[in-house]
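Peer 1: What follows is target_1.txt, made up of compact mmCIF, C-alpha atoms and all ligand atoms:
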# COMPACT_ATOMS: atom_id res chain seq x y z
CA GLU A 1 0.06 -34.48 21.70
CA GLU A 2 -2.96 -36.32 23.17
CA PRO A 3 -2.52 -40.04 23.75
CA VAL A 4 -4.54 -42.18 21.38
CA VAL A 5 -6.35 -45.04 23.06
CA LYS A 6 -6.31 -48.14 20.98
CA GLN A 7 -9.45 -50.17 20.53
CA THR A 8 -7.79 -53.17 22.23
CA ASP A 9 -7.45 -51.25 25.54
CA SER A 10 -10.42 -52.41 27.55
CA THR A 11 -11.44 -50.20 30.43
CA ALA A 12 -10.88 -53.11 32.81
CA LYS A 13 -7.31 -53.60 31.71
CA VAL A 14 -6.53 -49.90 31.99
CA ALA A 15 -8.01 -49.79 35.50
CA GLN A 16 -6.07 -52.90 36.49
CA LEU A 17 -2.85 -51.11 35.61
CA GLY A 18 -3.82 -48.23 37.93
CA VAL A 19 -4.47 -45.82 35.10
CA VAL A 20 -7.35 -43.46 35.91
CA LEU A 21 -9.92 -42.63 33.26
CA GLY A 22 -11.07 -39.04 32.76
CA PRO A 23 -14.65 -37.85 32.21
CA ASP A 24 -14.27 -38.65 28.49
CA GLY A 25 -13.61 -42.30 29.35
CA LYS A 26 -10.00 -42.11 28.14
CA PRO A 27 -6.86 -42.59 30.24
CA CYS A 28 -6.25 -39.29 32.06
CA LYS A 29 -2.57 -38.39 32.39
CA PRO A 30 -2.86 -35.72 35.14
CA CYS A 31 -5.13 -38.11 37.10
CA THR A 32 -2.63 -40.98 37.06
CA ALA A 33 0.70 -41.69 38.76
CA PHE A 34 3.55 -41.78 36.26
CA ARG A 35 4.59 -45.30 37.30
CA ASN A 36 1.12 -46.58 36.35
CA TRP A 37 1.02 -44.66 33.08
CA ARG A 38 4.37 -46.21 32.24
CA ARG A 39 2.93 -49.68 32.90
CA LEU A 40 0.25 -48.92 30.36
CA GLN A 41 2.90 -47.73 27.90
CA LYS A 42 4.86 -50.92 28.44
CA SER A 43 1.84 -53.15 28.06
CA GLU A 44 0.95 -51.27 24.86
CA GLY A 45 4.49 -51.68 23.63
CA GLU A 46 4.46 -55.40 24.35
CA GLU A 47 1.25 -55.83 22.40
CA LYS A 48 2.46 -53.97 19.34
CA GLY A 49 6.18 -54.54 19.54
CA LYS A 50 6.80 -50.84 20.05
CA SER A 51 4.39 -48.25 21.40
CA SER A 52 3.69 -45.44 19.01
CA THR A 53 0.49 -44.24 20.59
CA LEU A 54 0.85 -43.62 24.31
CA MET A 55 3.98 -41.51 24.14
CA ALA A 56 2.67 -38.41 25.85
CA PHE A 57 5.10 -38.75 28.77
CA GLY A 58 7.97 -39.27 26.39
CA PRO A 59 9.52 -42.43 24.99
CA SER A 60 9.22 -45.58 27.06
CA SER A 61 12.37 -46.15 29.02
CA SER A 62 14.51 -48.80 30.67
CA SER A 63 13.90 -50.58 33.98
CA ASN A 64 15.73 -48.28 36.43
CA GLU A 65 13.60 -45.26 35.63
CA PRO A 66 12.53 -42.60 38.13
CA ASP A 67 9.07 -42.72 39.66
CA ARG A 68 8.24 -39.23 38.45
CA PRO A 69 7.99 -37.87 34.92
CA PRO A 70 11.25 -36.41 33.57
CA ALA A 71 11.49 -32.61 33.81
CA HIS A 72 10.63 -32.05 30.16
CA CYS A 73 7.45 -34.15 30.32
CA PRO A 74 3.90 -33.25 31.38
CA PRO A 75 3.12 -33.69 35.08
CA ASP A 76 1.47 -36.74 36.56
CA VAL A 77 -1.08 -36.58 39.39
CA GLU A 78 1.67 -36.33 42.03
CA GLN A 79 3.81 -33.67 40.39
CA LEU A 80 0.76 -31.58 39.54
CA GLY A 81 -0.57 -31.99 43.08
CA ASN A 82 2.74 -31.09 44.72
CA ALA A 83 3.10 -27.98 42.55
CA THR A 84 -0.50 -26.94 43.19
CA TRP A 85 -0.26 -27.37 46.97
CA THR A 86 3.03 -25.43 46.89
CA PHE A 87 1.29 -22.57 45.10
CA LEU A 88 -1.80 -22.62 47.33
CA HIS A 89 0.01 -22.89 50.69
CA SER A 90 2.53 -20.22 49.65
CA THR A 91 -0.30 -17.93 48.55
CA ALA A 92 -2.04 -18.48 51.89
CA ALA A 93 1.21 -17.83 53.80
CA TYR A 94 1.49 -14.38 52.16
CA TYR A 95 -2.23 -13.55 52.28
CA PRO A 96 -2.85 -10.39 54.34
CA ASN A 97 -3.74 -10.57 58.02
CA ARG A 98 -6.47 -8.09 57.20
CA PRO A 99 -7.53 -8.76 53.60
CA THR A 100 -9.45 -6.14 51.65
CA PRO A 101 -12.77 -7.10 50.04
CA ASN A 102 -10.82 -7.38 46.79
CA HIS A 103 -8.36 -9.87 48.32
CA ARG A 104 -11.20 -11.93 49.74
CA ALA A 105 -13.16 -11.97 46.49
CA ASN A 106 -10.14 -13.02 44.45
CA MET A 107 -9.14 -15.74 46.90
CA LEU A 108 -12.68 -17.12 46.76
CA LEU A 109 -12.52 -17.08 42.96
CA LEU A 110 -9.20 -18.93 43.02
CA ILE A 111 -10.47 -21.64 45.38
CA ARG A 112 -13.82 -22.02 43.64
CA ALA A 113 -12.16 -22.34 40.24
CA ILE A 114 -10.34 -25.53 41.25
CA PRO A 115 -13.31 -27.93 41.08
CA THR A 116 -14.06 -26.68 37.56
CA LEU A 117 -10.56 -26.25 36.16
CA TYR A 118 -8.16 -28.63 37.93
CA PRO A 119 -6.99 -31.15 35.31
CA CYS A 120 -7.17 -34.21 37.60
CA SER A 121 -10.90 -34.71 37.33
CA HIS A 122 -11.49 -37.02 40.31
CA CYS A 123 -9.25 -34.76 42.47
CA ALA A 124 -11.30 -31.75 41.34
CA ASP A 125 -14.61 -33.48 42.09
CA ASP A 126 -13.56 -34.57 45.58
CA PHE A 127 -12.12 -31.13 46.37
CA GLY A 128 -15.39 -29.53 45.19
CA GLN A 129 -17.39 -31.80 47.52
CA ASP A 130 -15.09 -30.98 50.42
CA VAL A 131 -15.31 -27.21 49.79
CA LYS A 132 -19.11 -27.45 49.74
CA VAL A 133 -19.11 -29.01 53.21
CA ASN A 134 -16.27 -26.78 54.49
CA PRO A 135 -16.63 -23.28 53.01
CA PRO A 136 -13.37 -21.35 52.56
CA ASP A 137 -12.23 -19.07 55.38
CA VAL A 138 -10.79 -16.05 53.58
CA SER A 139 -11.13 -13.73 56.59
CA SER A 140 -7.39 -13.65 57.47
CA ARG A 141 -3.99 -15.19 56.73
CA ALA A 142 -4.28 -17.46 59.78
CA GLY A 143 -7.82 -18.55 58.91
CA LEU A 144 -7.01 -19.28 55.28
CA SER A 145 -3.79 -21.15 56.07
CA LYS A 146 -5.60 -23.40 58.56
CA TRP A 147 -8.56 -23.99 56.25
CA LEU A 148 -6.27 -24.97 53.38
CA CYS A 149 -4.18 -27.22 55.61
CA GLU A 150 -7.34 -29.06 56.64
CA ARG A 151 -8.40 -29.49 53.01
CA HIS A 152 -4.95 -30.88 52.17
CA ASN A 153 -5.24 -33.22 55.16
CA GLU A 154 -8.51 -34.57 53.73
CA VAL A 155 -6.58 -35.60 50.62
CA ASN A 156 -3.71 -36.94 52.75
CA LEU A 157 -6.23 -39.07 54.65
CA LYS A 158 -7.73 -40.40 51.43
CA LEU A 159 -4.26 -41.35 50.18
CA GLY A 160 -3.20 -42.93 53.48
CA LYS A 161 -0.65 -40.19 54.23
CA LYS A 162 0.08 -38.65 57.63
CA PRO A 163 -1.84 -35.49 58.52
CA PHE A 164 0.07 -32.21 58.75
CA ASP A 165 -0.02 -30.20 62.00
CA CYS A 166 -2.28 -27.25 61.07
CA THR A 167 -1.04 -24.80 63.72
CA LEU A 168 0.07 -21.48 62.24
CA GLU A 169 3.51 -22.01 63.73
CA LYS A 170 4.06 -25.25 61.79
CA LEU A 171 2.48 -23.88 58.63
CA ASP A 172 4.68 -20.78 58.73
CA GLU A 173 7.74 -22.89 59.33
CA ARG A 174 6.94 -24.96 56.24
CA TRP A 175 5.61 -22.27 53.91
CA LYS A 176 7.00 -18.92 55.04
CA ASN A 177 9.90 -18.82 57.49
CA GLY A 178 11.69 -22.13 57.10
CA PRO A 179 13.02 -24.20 60.00
CA ARG A 180 14.94 -22.50 62.82
CA ASP A 181 18.71 -22.88 62.55
P1 LIG A 201 1.93 -33.25 48.74
O1 LIG A 201 0.72 -33.87 49.37
O2 LIG A 201 1.80 -32.71 47.37
O3 LIG A 201 2.41 -32.08 49.72
C1 LIG A 201 3.46 -31.19 49.40
C2 LIG A 201 4.10 -30.73 50.69
O4 LIG A 201 3.11 -30.04 51.45
C3 LIG A 201 4.56 -31.88 51.59
O5 LIG A 201 5.87 -32.25 51.30
C4 LIG A 201 4.41 -31.30 52.99
O6 LIG A 201 5.61 -30.64 53.39
C5 LIG A 201 3.34 -30.24 52.83
N1 LIG A 201 2.05 -30.65 53.38
C6 LIG A 201 1.49 -31.89 53.43
N2 LIG A 201 0.27 -31.83 53.97
C7 LIG A 201 0.04 -30.54 54.26
C8 LIG A 201 -1.05 -29.84 54.83
N3 LIG A 201 -2.16 -30.48 55.23
N4 LIG A 201 -0.95 -28.52 54.99
C9 LIG A 201 0.16 -27.84 54.61
N5 LIG A 201 1.23 -28.43 54.06
C10 LIG A 201 1.17 -29.77 53.88
N6 LIG A 201 -3.90 -37.17 44.44
C11 LIG A 201 -4.57 -38.34 44.32
O7 LIG A 201 -3.94 -39.37 44.08
N7 LIG A 201 -5.93 -38.40 44.47
C12 LIG A 201 -6.67 -37.28 44.72
O8 LIG A 201 -7.89 -37.35 44.84
C13 LIG A 201 -6.00 -36.04 44.82
N8 LIG A 201 -6.68 -34.89 45.05
C14 LIG A 201 -6.01 -33.70 45.04
C15 LIG A 201 -6.74 -32.53 45.17
C16 LIG A 201 -6.09 -31.31 45.10
C17 LIG A 201 -6.90 -30.03 45.20
C18 LIG A 201 -4.69 -31.25 44.92
C19 LIG A 201 -3.99 -29.93 44.83
C20 LIG A 201 -3.96 -32.41 44.82
C21 LIG A 201 -4.61 -33.65 44.88
N9 LIG A 201 -3.90 -34.85 44.77
C22 LIG A 201 -4.58 -36.03 44.68
C23 LIG A 201 -2.43 -34.87 44.77
C24 LIG A 201 -1.90 -35.19 46.19
O9 LIG A 201 -2.51 -34.38 47.18
C25 LIG A 201 -0.38 -34.97 46.31
O10 LIG A 201 -0.07 -33.67 45.85
C26 LIG A 201 0.44 -35.98 45.53
O11 LIG A 201 0.13 -37.29 45.97
C27 LIG A 201 1.96 -35.72 45.73
O12 LIG A 201 2.25 -35.86 47.10
P2 LIG A 201 3.60 -35.37 47.75
O13 LIG A 201 4.12 -36.50 48.57
O14 LIG A 201 4.49 -34.76 46.75
O15 LIG A 201 3.15 -34.24 48.82
In structure tokens, write the structure found in this file.
Peer 2:
Amino acid sequence: EEPVVKQTDSTAKVAQLGVVLGPDGKPCKPCTAFRNWRRLQKSEGEEKGKSSTLMAFGPSSSSNEPDRPPAHCPPDVEQLGNATWTFLHSTAAYYPNRPTPNHRANMLLLIRAIPTLYPCSHCADDFGQDVKVNPPDVSSRAGLSKWLCERHNEVNLKLGKKPFDCTLEKLDERWKNGPRD
């Protein structure tokens, strides 16, 4: 069920809580970290006694809650991102060394669909800008894995996270072979 935004929720207050608005101007669940969405839930609950509107992540919970949405709840920006990177890096790790034209065309379609379809709208916009400046390398498994690693590092940089080593050896260790015993 879609969260209903109450008239009393000013944009400023929502932003102050760290809740990201989507293109429709409403709080965007897959754009927002769960901990911030929960703050909004709590603040809503405090205003009304009990929140009945912003329950899309499940009922509001007690103080020692996890930082991520429970398994039966929709993903937040982090869970969605982690799952998406897992899919993309794994797909790159198993992409052929010598892709057919069909492989290349489908990989391009997959990458180019993200800016249009990815549910975190600001993530999608930034990724689209990055892909425009850095066109996908779908020529080989090694080329695609490196290109994707660099795109992920752009996001890591934006979020203040450490960059990943984009050598094929490190990428294969993480996404294909696992660490040596
Ligand atoms: P993740 O960054 O999800 O990484 C998962 C695993 O991948 C890591 O544990 C690590 O082992 C490995 N890894 C890390 N970096 C690399 C790399 N460069 N190459 C290969 N493997 C790597 N979140 C935002 O808050 N704002 C955004 O604008 C935003 N944009 C995004 C755009 C896209 C296209 C995607 C897919 C996600 C975006 N995210 C964004 C989500 C963000 O990138 C993370 O997924 C999220 O913060 C969860 O981080 P995490 O710590 O679980 O690790």
Peer 1: Measuring atom to atom with all atoms listed in the file, identify which of A:Gly128, A:Pro101, A:Gly81, A:Pro70 is nearest to Ala113 of chain A.
Peer 2: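 With all atoms listed in the file as the atom set, the closest residue is A:Gly128.
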Peer 1: By how many Å are atom CA of Pro163 of chain A and atom CA of Lys132 of chain A apart?
Peer 2: 21.0 Å
Peer 1: Find the residue from A:Pro115, A:Pro74, A:Pro96, A:Pro69 that sits nearest to ligand LIG 201 (chain A); use all atoms listed in the file when measuring.
Peer 2: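 Looking only at the distances to ligand LIG 201 (chain A), the closest residue turns out to be A:Pro115.
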Peer 1: Give as a PyMOL selection string the residues surrounding ligand LIG 201 (chain A) up to a distance of 8 Å, considering all atoms listed in the file.
Peer 2: chain A and resi 31-33+77-86+89+114-115+118+120+122-124+126-127+145-146+148-156+158-159+162-166+171+174-175
Peer 1: Would you mind exporting the chosen residues as a JSON list (two decimals), keeping the file's coordinate frame, restricted to C-alpha atoms?
Peer 2:
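New file selection14.json:
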[["chain", "number", "residue", "atom", "x", "y", "z"],
["A", 31, "CYS", "CA", -5.13, -38.11, 37.10],
["A", 32, "THR", "CA", -2.63, -40.98, 37.06],
["A", 33, "ALA", "CA", 0.70, -41.69, 38.76],
["A", 77, "VAL", "CA", -1.08, -36.58, 39.39],
["A", 78, "GLU", "CA", 1.67, -36.33, 42.03],
["A", 79, "GLN", "CA", 3.81, -33.67, 40.39],
["A", 80, "LEU", "CA", 0.76, -31.58, 39.54],
["A", 81, "GLY", "CA", -0.57, -31.99, 43.08],
["A", 82, "ASN", "CA", 2.74, -31.09, 44.72],
["A", 83, "ALA", "CA", 3.10, -27.98, 42.55],
["A", 84, "THR", "CA", -0.50, -26.94, 43.19],
["A", 85, "TRP", "CA", -0.26, -27.37, 46.97],
["A", 86, "THR", "CA", 3.03, -25.43, 46.89],
["A", 89, "HIS", "CA", 0.01, -22.89, 50.69],
["A", 114, "ILE", "CA", -10.34, -25.53, 41.25],
["A", 115, "PRO", "CA", -13.31, -27.93, 41.08],
["A", 118, "TYR", "CA", -8.16, -28.63, 37.93],
["A", 120, "CYS", "CA", -7.17, -34.21, 37.60],
["A", 122, "HIS", "CA", -11.49, -37.02, 40.31],
["A", 123, "CYS", "CA", -9.25, -34.76, 42.47],
["A", 124, "ALA", "CA", -11.30, -31.75, 41.34],
["A", 126, "ASP", "CA", -13.56, -34.57, 45.58],
["A", 127, "PHE", "CA", -12.12, -31.13, 46.37],
["A", 145, "SER", "CA", -3.79, -21.15, 56.07],
["A", 146, "LYS", "CA", -5.60, -23.40, 58.56],
["A", 148, "LEU", "CA", -6.27, -24.97, 53.38],
["A", 149, "CYS", "CA", -4.18, -27.22, 55.61],
["A", 150, "GLU", "CA", -7.34, -29.06, 56.64],
["A", 151, "ARG", "CA", -8.40, -29.49, 53.01],
["A", 152, "HIS", "CA", -4.95, -30.88, 52.17],
["A", 153, "ASN", "CA", -5.24, -33.22, 55.16],
["A", 154, "GLU", "CA", -8.51, -34.57, 53.73],
["A", 155, "VAL", "CA", -6.58, -35.60, 50.62],
["A", 156, "ASN", "CA", -3.71, -36.94, 52.75],
["A", 158, "LYS", "CA", -7.73, -40.40, 51.43],
["A", 159, "LEU", "CA", -4.26, -41.35, 50.18],
["A", 162, "LYS", "CA", 0.08, -38.65, 57.63],
["A", 163, "PRO", "CA", -1.84, -35.49, 58.52],
["A", 164, "PHE", "CA", 0.07, -32.21, 58.75],
["A", 165, "ASP", "CA", -0.02, -30.20, 62.00],
["A", 166, "CYS", "CA", -2.28, -27.25, 61.07],
["A", 171, "LEU", "CA", 2.48, -23.88, 58.63],
["A", 174, "ARG", "CA", 6.94, -24.96, 56.24],
["A", 175, "TRP", "CA", 5.61, -22.27, 53.91]]
Peer 1: From the options A:Pro75, A:Ala105, A:Ser140, A:Thr167, which residue's atoms come nearest to Pro119 of chain A, counting only C-alpha atoms?
Peer 2: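 Of the candidates, the smallest distance to Pro119 of chain A is held by A:Pro75.
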Peer 1: Quick one: pull the distance between atom CA of Lys29 of chain A and atom CA of Pro66 of chain A, Å, one decimal.
Peer 2: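 If I compute the distance from atom CA of Lys29 of chain A to atom CA of Pro66 of chain A, I get 16.7 Å.
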Peer 1: Could you give me, as a Markdown table, every segment 135-159 of chain A residue with an atom at most 10 Å from segment 107-112 of chain A, plus its closest atom pair and distance in Å to one decimal, counting all atoms listed in the file, rows ordered by chain then number?
Peer 2:
| residue | atom | partner | partner_atom | distance |
| --- | --- | --- | --- | --- |
| A:Pro135 | CA | A:Leu108 | CA | 9.6 |
| A:Pro136 | CA | A:Leu108 | CA | 7.2 |
| A:Asp137 | CA | A:Leu108 | CA | 8.8 |
| A:Val138 | CA | A:Met107 | CA | 6.9 |
| A:Leu144 | CA | A:Met107 | CA | 9.3 |
| A:Leu148 | CA | A:Ile111 | CA | 9.6 |
Peer 1: Edge lengths and centre in Å to one decimal, as JSON, of the axis-aligned box that encloses all listed atoms of segment 28-35 of chain A with 3 Å added on every side?
Peer 2:
{"center_x": -0.8, "center_y": -40.5, "center_z": 35.4, "size_x": 16.8, "size_y": 15.6, "size_z": 12.7}
Peer 1: Using only C-alpha atoms, find the one residue out of A:Ala92, A:Val131, A:Asp67, A:Leu17 that sits nearest to Lys176 of chain A.
Peer 2: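 Using only C-alpha atoms, the shortest distance to Lys176 of chain A belongs to A:Ala92.
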Peer 1: Can you tell me how far atom CA of Asn177 of chain A sits from atom CA of Thr100 of chain A, in Å to one decimal?
Peer 2: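 Interatomic distance, atom CA of Asn177 of chain A to atom CA of Thr100 of chain A: 23.9 Å.
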Peer 1: Taking only C-alpha atoms into account, which of A:Ser90, A:Gly45, A:Ala15, A:Gly22 comes nearest Gly178 of chain A?
Peer 2: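 Under the stated criterion, the closest residue is A:Ser90.
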Peer 1: I need the residue nearest Leu21 of chain A from this list: A:Asp172, A:Trp37, A:Asn97, A:Glu44. Use only C-alpha atoms for the distance.
Peer 2: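 Answer, going by the shortest atom-to-atom distance: A:Trp37.
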